[in-house]
file structure_23.cif (mmCIF, C-alpha atoms and all ligand atoms)
data_work
#
loop_
_atom_site.label_atom_id
_atom_site.label_comp_id
_atom_site.auth_asym_id
_atom_site.auth_seq_id
_atom_site.Cartn_x
_atom_site.Cartn_y
_atom_site.Cartn_z
CA MET A 1 156.73 140.95 151.86
CA LYS A 2 158.92 138.50 149.93
CA LYS A 3 157.55 135.18 148.81
CA ASN A 4 158.98 132.17 150.68
CA ASP A 5 160.45 134.40 153.34
CA PRO A 6 159.48 132.58 156.57
CA SER A 7 159.33 135.79 158.56
CA ALA A 8 156.77 137.08 156.06
CA SER A 9 154.39 134.22 156.68
CA LEU A 10 154.59 134.26 160.48
CA ARG A 11 153.14 137.33 162.09
CA VAL A 12 152.56 137.31 165.83
CA THR A 13 150.25 140.15 166.77
CA PRO A 14 150.45 142.36 169.89
CA GLU A 15 151.21 140.55 173.17
CA GLY A 16 151.08 137.23 171.34
CA TYR A 17 147.35 137.78 170.66
CA HIS A 18 147.33 135.58 167.58
CA THR A 19 149.65 134.15 164.93
CA SER A 20 148.10 134.74 161.52
CA VAL A 21 147.62 131.58 159.48
CA LEU A 22 148.48 131.30 155.74
CA LEU A 23 149.25 135.01 155.77
CA HIS A 24 151.15 135.20 152.51
CA GLU A 25 148.62 132.99 150.70
CA CYS A 26 145.65 135.09 151.93
CA ILE A 27 147.27 138.34 150.83
CA GLU A 28 148.19 136.91 147.46
CA GLY A 29 144.61 135.60 147.13
CA LEU A 30 143.20 139.10 147.65
CA ALA A 31 145.24 140.40 144.68
CA ILE A 32 145.29 143.83 146.33
CA LYS A 33 144.92 146.94 144.20
CA PRO A 34 146.63 149.84 146.00
CA GLU A 35 143.61 152.14 145.66
CA GLY A 36 141.00 149.45 146.34
CA VAL A 37 138.53 148.90 149.16
CA TYR A 38 139.00 145.77 151.27
CA VAL A 39 137.22 144.08 154.17
CA ASP A 40 138.74 141.85 156.86
CA VAL A 41 135.69 140.41 158.63
CA THR A 42 137.70 138.66 161.37
CA PHE A 43 140.14 141.28 162.64
CA GLY A 44 141.39 139.43 165.80
CA GLY A 45 145.00 140.40 166.45
CA GLY A 46 145.04 142.36 163.21
CA GLY A 47 147.83 140.40 161.53
CA HIS A 48 146.05 139.97 158.22
CA SER A 49 144.77 143.56 158.36
CA ALA A 50 148.32 144.89 158.89
CA ALA A 51 149.52 142.96 155.84
CA ILE A 52 146.61 144.34 153.75
CA LEU A 53 147.42 147.91 154.87
CA GLU A 54 151.05 147.38 153.82
CA LYS A 55 149.85 146.69 150.28
CA LEU A 56 147.38 149.58 150.10
CA GLY A 57 148.26 153.00 148.76
CA LYS A 58 147.21 156.35 150.23
CA LYS A 59 143.72 156.16 148.77
CA GLY A 60 143.09 152.52 149.62
CA LYS A 61 140.64 151.62 152.39
CA LEU A 62 140.28 148.75 154.80
CA PHE A 63 137.15 148.02 156.85
CA ALA A 64 137.48 145.35 159.54
CA PHE A 65 134.97 143.57 161.78
CA ASP A 66 135.23 141.76 165.09
CA GLN A 67 132.46 140.91 167.50
CA ASP A 68 134.88 140.57 170.44
CA GLU A 69 135.65 143.81 172.22
CA ASP A 70 139.03 142.40 173.30
CA ALA A 71 140.15 142.67 169.66
CA LEU A 72 139.48 146.43 169.54
CA LYS A 73 142.72 147.25 171.36
CA ASN A 74 144.68 145.86 168.41
CA ALA A 75 143.34 148.48 165.99
CA PRO A 76 146.13 150.32 164.15
CA ASP A 77 146.11 154.08 164.10
CA ASP A 78 145.74 154.50 160.36
CA LYS A 79 143.45 156.87 158.47
CA ARG A 80 142.74 154.25 155.83
CA PHE A 81 141.41 151.82 158.46
CA THR A 82 137.98 151.48 160.14
CA LEU A 83 137.24 148.82 162.77
CA ILE A 84 133.60 147.87 163.25
CA HIS A 85 132.66 146.14 166.50
CA ALA A 86 129.95 143.86 165.12
CA ASN A 87 129.13 140.40 163.87
CA PHE A 88 130.11 139.91 160.23
CA ARG A 89 126.62 138.59 159.54
CA ALA A 90 125.71 142.30 159.39
CA MET A 91 128.56 143.13 156.99
CA LYS A 92 126.41 144.57 154.22
CA ARG A 93 124.44 146.85 156.56
CA PHE A 94 127.61 148.32 158.09
CA LEU A 95 129.35 148.74 154.75
CA ARG A 96 126.29 150.59 153.48
CA MET A 97 126.41 152.85 156.58
CA HIS A 98 130.04 153.64 155.75
CA ASN A 99 129.19 154.27 152.11
CA ALA A 100 131.41 151.39 151.12
CA LEU A 101 129.24 149.06 149.06
CA GLY A 102 131.27 147.73 146.12
CA VAL A 103 134.50 146.32 147.54
CA ASP A 104 137.51 144.73 145.85
CA GLY A 105 138.25 141.94 148.30
CA ILE A 106 136.94 140.28 151.45
CA LEU A 107 138.92 138.12 153.84
CA ALA A 108 137.46 135.82 156.51
CA ASP A 109 139.74 133.88 158.87
CA LEU A 110 137.09 131.94 160.77
CA GLY A 111 136.88 130.66 164.32
CA VAL A 112 138.50 131.91 167.50
CA SER A 113 141.82 133.67 168.01
CA SER A 114 144.61 132.22 170.16
CA TRP A 115 143.85 134.99 172.64
CA GLN A 116 140.27 133.80 173.06
CA PHE A 117 141.29 130.15 173.12
CA ASP A 118 144.12 130.60 175.62
CA THR A 119 142.26 132.86 178.08
CA ALA A 120 140.77 130.57 180.74
CA GLU A 121 137.87 132.93 181.65
CA ARG A 122 136.58 132.81 178.09
CA GLY A 123 135.80 129.13 178.58
CA PHE A 124 136.77 127.96 175.06
CA SER A 125 139.36 125.37 175.99
CA TYR A 126 139.23 122.13 177.95
CA ARG A 127 142.88 122.69 178.94
CA PHE A 128 141.82 125.12 181.68
CA ASP A 129 139.09 125.41 184.23
CA GLY A 130 136.85 128.45 183.96
CA PRO A 131 133.24 129.44 183.45
CA LEU A 132 131.21 127.70 180.74
CA ASP A 133 131.13 130.79 178.54
CA MET A 134 132.49 130.36 174.95
CA ARG A 135 130.90 133.59 173.66
CA MET A 136 133.00 135.50 171.14
CA ASN A 137 130.69 138.44 171.79
CA ARG A 138 130.43 138.92 175.53
CA PHE A 139 127.31 141.06 175.14
CA ALA A 140 125.41 138.08 173.75
CA GLU A 141 123.01 136.32 176.08
CA LYS A 142 123.59 132.68 175.28
CA THR A 143 126.61 131.04 176.96
CA ALA A 144 127.80 127.44 176.96
CA ALA A 145 126.15 127.08 180.40
CA THR A 146 122.80 128.27 178.94
CA VAL A 147 123.03 125.60 176.24
CA LEU A 148 123.93 122.78 178.64
CA ASN A 149 121.37 123.77 181.29
CA THR A 150 118.36 124.60 179.11
CA TYR A 151 118.45 122.62 175.83
CA SER A 152 116.34 119.46 175.59
CA ALA A 153 118.09 116.09 175.33
CA GLU A 154 117.09 115.96 171.63
CA ALA A 155 118.54 119.39 170.90
CA LEU A 156 121.79 118.52 172.71
CA GLN A 157 122.04 115.24 170.81
CA LYS A 158 121.56 117.02 167.48
CA MET A 159 124.16 119.65 168.40
CA PHE A 160 126.81 117.08 169.46
CA GLY A 161 126.09 114.89 166.44
CA GLU A 162 125.97 117.60 163.77
CA TYR A 163 128.52 120.11 165.02
CA GLY A 164 130.96 117.81 166.81
CA GLU A 165 130.45 114.52 164.96
CA VAL A 166 130.30 112.97 168.46
CA ARG A 167 129.50 109.30 167.88
CA ASN A 168 127.59 108.68 171.12
CA SER A 169 125.76 112.02 171.06
CA LYS A 170 122.54 110.50 172.45
CA THR A 171 124.27 108.97 175.50
CA LEU A 172 126.16 112.18 176.24
CA ALA A 173 123.06 114.36 175.86
CA ARG A 174 121.05 112.09 178.17
CA ALA A 175 123.83 112.09 180.80
CA ILE A 176 123.94 115.91 180.76
CA VAL A 177 120.18 116.20 181.21
CA ASP A 178 120.24 113.69 184.10
CA LEU A 179 123.13 115.40 185.86
CA ARG A 180 121.78 118.94 185.62
CA ALA A 181 118.58 117.88 187.40
CA ASN A 182 120.67 117.86 190.62
CA GLN A 183 123.21 120.56 189.88
CA PRO A 184 123.37 123.00 186.96
CA PHE A 185 126.53 123.06 184.84
CA GLU A 186 128.73 126.04 185.72
CA THR A 187 132.36 125.30 184.93
CA ILE A 188 134.52 123.63 182.31
CA ALA A 189 135.42 121.08 184.99
CA ASP A 190 131.71 120.14 185.37
CA LEU A 191 131.50 119.46 181.64
CA LYS A 192 134.79 117.58 181.53
CA VAL A 193 133.68 115.15 184.22
CA VAL A 194 130.63 114.03 182.27
CA ALA A 195 132.42 114.07 178.88
CA GLU A 196 135.32 112.01 180.20
CA GLN A 197 132.91 109.51 181.74
CA HIS A 198 131.19 108.93 178.42
CA ARG A 199 134.08 109.46 176.02
CA MET A 200 134.51 107.20 173.03
CA GLY A 201 138.05 106.83 171.71
CA GLU A 202 140.91 109.13 172.55
CA THR A 203 140.10 111.62 175.38
CA HIS A 204 141.56 114.76 173.77
CA LYS A 205 139.85 114.12 170.45
CA TYR A 206 136.54 113.48 172.18
CA LEU A 207 136.79 116.63 174.32
CA ALA A 208 137.74 118.67 171.25
CA GLN A 209 134.62 117.41 169.43
CA VAL A 210 132.33 118.16 172.39
CA PHE A 211 133.78 121.65 172.90
CA GLN A 212 133.66 122.43 169.18
CA ALA A 213 129.97 121.51 169.03
CA ILE A 214 129.05 123.78 171.94
CA ARG A 215 131.15 126.68 170.62
CA ILE A 216 129.53 126.49 167.18
CA GLU A 217 126.08 126.50 168.81
CA VAL A 218 126.79 129.35 171.26
CA ASN A 219 128.07 131.62 168.50
CA ASP A 220 125.76 130.35 165.73
CA GLU A 221 128.93 130.07 163.68
CA LEU A 222 127.40 128.29 160.69
CA GLY A 223 124.39 130.63 160.55
CA ALA A 224 126.67 133.68 160.59
CA LEU A 225 128.93 132.15 157.92
CA LYS A 226 125.99 131.49 155.58
CA GLU A 227 124.65 135.05 155.96
CA PHE A 228 128.13 136.43 155.37
CA LEU A 229 128.71 134.34 152.24
CA LEU A 230 125.37 135.40 150.73
CA GLN A 231 126.24 139.06 151.34
CA SER A 232 129.79 138.67 150.02
CA THR A 233 128.62 138.28 146.42
CA GLU A 234 126.29 141.25 146.82
CA VAL A 235 129.02 143.64 148.00
CA LEU A 236 131.96 142.50 145.83
CA ASN A 237 132.78 144.38 142.64
CA GLU A 238 133.21 142.32 139.49
CA GLY A 239 136.70 140.81 139.63
CA GLY A 240 136.74 141.26 143.43
CA ARG A 241 138.16 138.45 145.55
CA LEU A 242 136.61 136.35 148.28
CA VAL A 243 139.24 134.70 150.50
CA VAL A 244 138.04 132.35 153.25
CA LEU A 245 140.11 130.40 155.74
CA THR A 246 138.25 127.61 157.57
CA PHE A 247 139.27 125.27 160.38
CA HIS A 248 136.80 122.40 160.24
CA SER A 249 134.91 120.45 157.61
CA LEU A 250 131.47 121.91 158.38
CA GLU A 251 132.70 125.42 157.54
CA ASP A 252 134.76 124.28 154.56
CA ARG A 253 131.78 122.45 153.03
CA LEU A 254 129.64 125.60 153.18
CA VAL A 255 132.36 127.73 151.58
CA LYS A 256 133.14 125.14 148.91
CA ASN A 257 129.48 124.69 147.95
CA TYR A 258 128.79 128.40 147.94
CA ILE A 259 131.71 129.08 145.60
CA LYS A 260 130.88 126.13 143.34
CA HIS A 261 127.09 126.21 143.34
CA GLY A 262 125.98 129.59 144.67
CA ASN A 263 124.14 127.85 147.50
CA PHE A 264 124.97 125.54 150.41
CA GLU A 265 123.88 122.31 148.77
CA ASP A 266 125.79 119.74 146.75
CA GLU A 267 124.11 120.83 143.51
CA PRO A 268 123.79 124.21 141.80
CA ALA A 269 120.43 125.99 141.99
CA LYS A 270 118.64 126.33 138.64
CA ASP A 271 116.12 128.96 137.60
CA PHE A 272 112.71 128.25 136.04
CA PHE A 273 114.33 127.55 132.64
CA GLY A 274 116.95 125.21 134.10
CA ASN A 275 119.77 127.76 133.76
CA ILE A 276 122.53 127.97 136.32
CA LYS A 277 123.67 131.46 137.24
CA LEU A 278 126.88 131.61 139.26
CA SER A 279 128.44 134.69 140.89
CA LEU A 280 131.84 133.26 141.80
CA LYS A 281 134.64 131.44 140.03
CA ALA A 282 137.01 129.34 142.17
CA ASN A 283 140.71 130.19 141.87
CA ASN A 284 141.76 126.88 143.34
CA LYS A 285 139.95 123.56 142.95
CA LYS A 286 141.55 122.08 146.05
CA PRO A 287 141.88 124.22 149.17
CA ILE A 288 145.31 125.60 150.01
CA THR A 289 146.79 124.19 153.24
CA ALA A 290 149.75 125.17 155.41
CA SER A 291 153.29 124.28 154.32
CA GLU A 292 155.48 121.93 156.38
CA GLN A 293 157.37 124.97 157.57
CA GLU A 294 154.27 126.80 158.78
CA LEU A 295 153.00 123.64 160.46
CA LYS A 296 156.26 123.44 162.41
CA GLN A 297 156.02 127.08 163.46
CA ASN A 298 152.31 127.19 164.26
CA SER A 299 150.41 124.03 165.14
CA ARG A 300 147.11 125.90 164.81
CA SER A 301 147.59 126.02 161.05
CA ARG A 302 147.13 122.22 161.02
CA SER A 303 143.45 122.15 160.06
CA ALA A 304 143.40 125.36 157.99
CA LYS A 305 141.87 125.27 154.50
CA LEU A 306 141.97 128.32 152.29
CA ARG A 307 139.57 128.89 149.40
CA ILE A 308 139.81 131.82 147.01
CA ALA A 309 137.20 132.90 144.48
CA GLU A 310 136.60 135.79 142.10
CA LYS A 311 133.31 137.60 141.55
CA ILE A 312 132.17 137.17 137.95
C1 LIG B 401 141.07 133.41 163.83
S1 LIG B 401 140.77 135.00 164.53
C2 LIG B 401 141.36 136.10 163.30
C3 LIG B 401 142.82 136.43 163.42
C4 LIG B 401 143.29 137.50 162.48
N1 LIG B 401 143.13 137.14 161.10
C5 LIG B 401 144.76 137.84 162.76
O1 LIG B 401 145.58 137.73 161.85
O2 LIG B 401 145.08 138.20 163.90
C6 LIG B 401 139.05 135.19 164.35
C7 LIG B 401 138.49 136.48 164.92
O3 LIG B 401 137.24 136.70 164.29
C8 LIG B 401 136.28 137.03 165.23
N2 LIG B 401 135.01 136.48 164.75
C9 LIG B 401 134.68 135.19 164.55
N3 LIG B 401 133.43 135.08 164.09
C10 LIG B 401 132.96 136.35 163.95
C11 LIG B 401 131.72 136.91 163.51
N4 LIG B 401 130.70 136.13 163.13
N5 LIG B 401 131.60 138.25 163.48
C12 LIG B 401 132.63 139.05 163.87
N6 LIG B 401 133.80 138.59 164.33
C13 LIG B 401 133.97 137.25 164.37
C14 LIG B 401 136.72 136.41 166.53
O4 LIG B 401 136.23 137.15 167.63
C15 LIG B 401 138.25 136.46 166.41
O5 LIG B 401 138.77 137.61 167.01
#
call {"tool": "encode", "arguments": {"input": "structure_23.cif", "output": "structure tokens"}}
result
Amino acid sequence: MKKNDPSASLRVTPEGYHTSVLLHECIEGLAIKPEGVYVDVTFGGGGHSAAILEKLGKKGKLFAFDQDEDALKNAPDDKRFTLIHANFRAMKRFLRMHNALGVDGILADLGVSSWQFDTAERGFSYRFDGPLDMRMNRFAEKTAATVLNTYSAEALQKMFGEYGEVRNSKTLARAIVDLRANQPFETIADLKVVAEQHRMGETHKYLAQVFQAIRIEVNDELGALKEFLLQSTEVLNEGGRLVVLTFHSLEDRLVKNYIKHGNFEDEPAKDFFGNIKLSLKANNKKPITASEQELKQNSRSRSAKLRIAEKI
């Protein structure tokens, strides 16, 4: 893959499943050793995985994770590759099972794939009508409908406020609780009616915030990310790379703080003697974002922020 070659940075995976974001930058960030062991915890359409495999030699290994069974069909037939159908919050346990503790690089490209987002029945997008689902893992019990029909007004308010930064989260939560007393929420259209009625500001932005909040809750995205980050420093070899691509500020803040402070707070944790012990060193102070060219080719790269760190 040549640097600055546009075709190298745009990889559309099988049947247009997903266009990999910041592909070249992620691969460069992993600093791949041909005989190393790598983990792609968000396999999706397999674009990043394919690029990692291209850099690996015969003895190199790649383990990938995805909790969505739809992604499994994209698995390459390659002896160096193992796809694990599981949540990445269990990364360490599965790597141990595969005798693969001590890895040289881990990549996470967070959020949903274009396939998930653009498939109406998955219920992720307000552009379609469909069931209120939003589960990445369709074996999980909690759907968007469960959240809207069973959470208390206080819990809904907290979710919309914290995960969607919805300004009138209390009003929206109350309206949902009042409406569901007559008729439970079943479809995207049901949710859109109430959200549009109570929207503040631009409709699309408001819907995006509301949908983002519910999606984060349904999939416990921030909980999974925290567990994954804590395990990443336990399974990386010294000098190994952690490469994380985020798509909203809540995720980016967790990644940034974890790299900088070894926890999820704004300050480093100190031991009894006041010493700070860090496991990661940031490669870039500011996150890497998509180039003008990539933005033109793939609008979904718009909010991407890439952080790279090295295990010390
Ligand atoms: C943005 S896509 C990744 C696209 C991929 N890098 C590519 O180039 O095609 C994110 C994928 O990660 C999966 N995913 C998200 N969170 C996950 C988690 N906690 N555990 C396992 N898979 C997850 C989603 O199901 C989705 O398929």
call {"tool": "residues_near_point", "arguments": {"input": "structure_23.cif", "point": "(134.2, 128.0, 153.8)", "cutoff": "10 Å", "atoms": "all atoms listed in the file", "output": "MDAnalysis selection string"}}
result
chainID A and resid 108:110 222 225:226 229 243:259 287 305:308
call {"tool": "atom_distance", "arguments": {"input": "structure_23.cif", "atom1": "CA of Ile312 (chain A)", "atom2": "CA of Ser49 (chain A)"}}
result
24.8 Å
call {"tool": "closest_residue", "arguments": {"input": "structure_23.cif", "among": "A:Glu162, A:Asp77, A:Glu217, A:Asp133", "to": "Phe117 (chain A)", "atoms": "all atoms listed in the file"}}
result
A:Asp133
call {"tool": "residues_around", "arguments": {"input": "structure_23.cif", "residues": "Ser169 (chain A)", "least_positions_apart": "6", "cutoff": "6 Å", "atoms": "only C-alpha atoms", "output": "PyMOL selection string"}}
result
chain A and resi 157+160-161
call {"tool": "write_last_selection", "arguments": {"input": "structure_23.cif", "atoms": "C-alpha atoms", "output": "tab-separated table (two decimals), in the frame of the given file"}}
result
chain	number	residue	atom	x	y	z
A	157	GLN	CA	122.04	115.24	170.81
A	160	PHE	CA	126.81	117.08	169.46
A	161	GLY	CA	126.09	114.89	166.44
call {"tool": "axis_aligned_box", "arguments": {"input": "structure_23.cif", "around": "ligand LIG 401 (chain B)", "padding_each_side": "6 Å", "output": "AutoDock Vina command-line options"}}
result
--center_x 138.1 --center_y 136.2 --center_z 164.4 --size_x 26.9 --size_y 17.6 --size_z 18.5
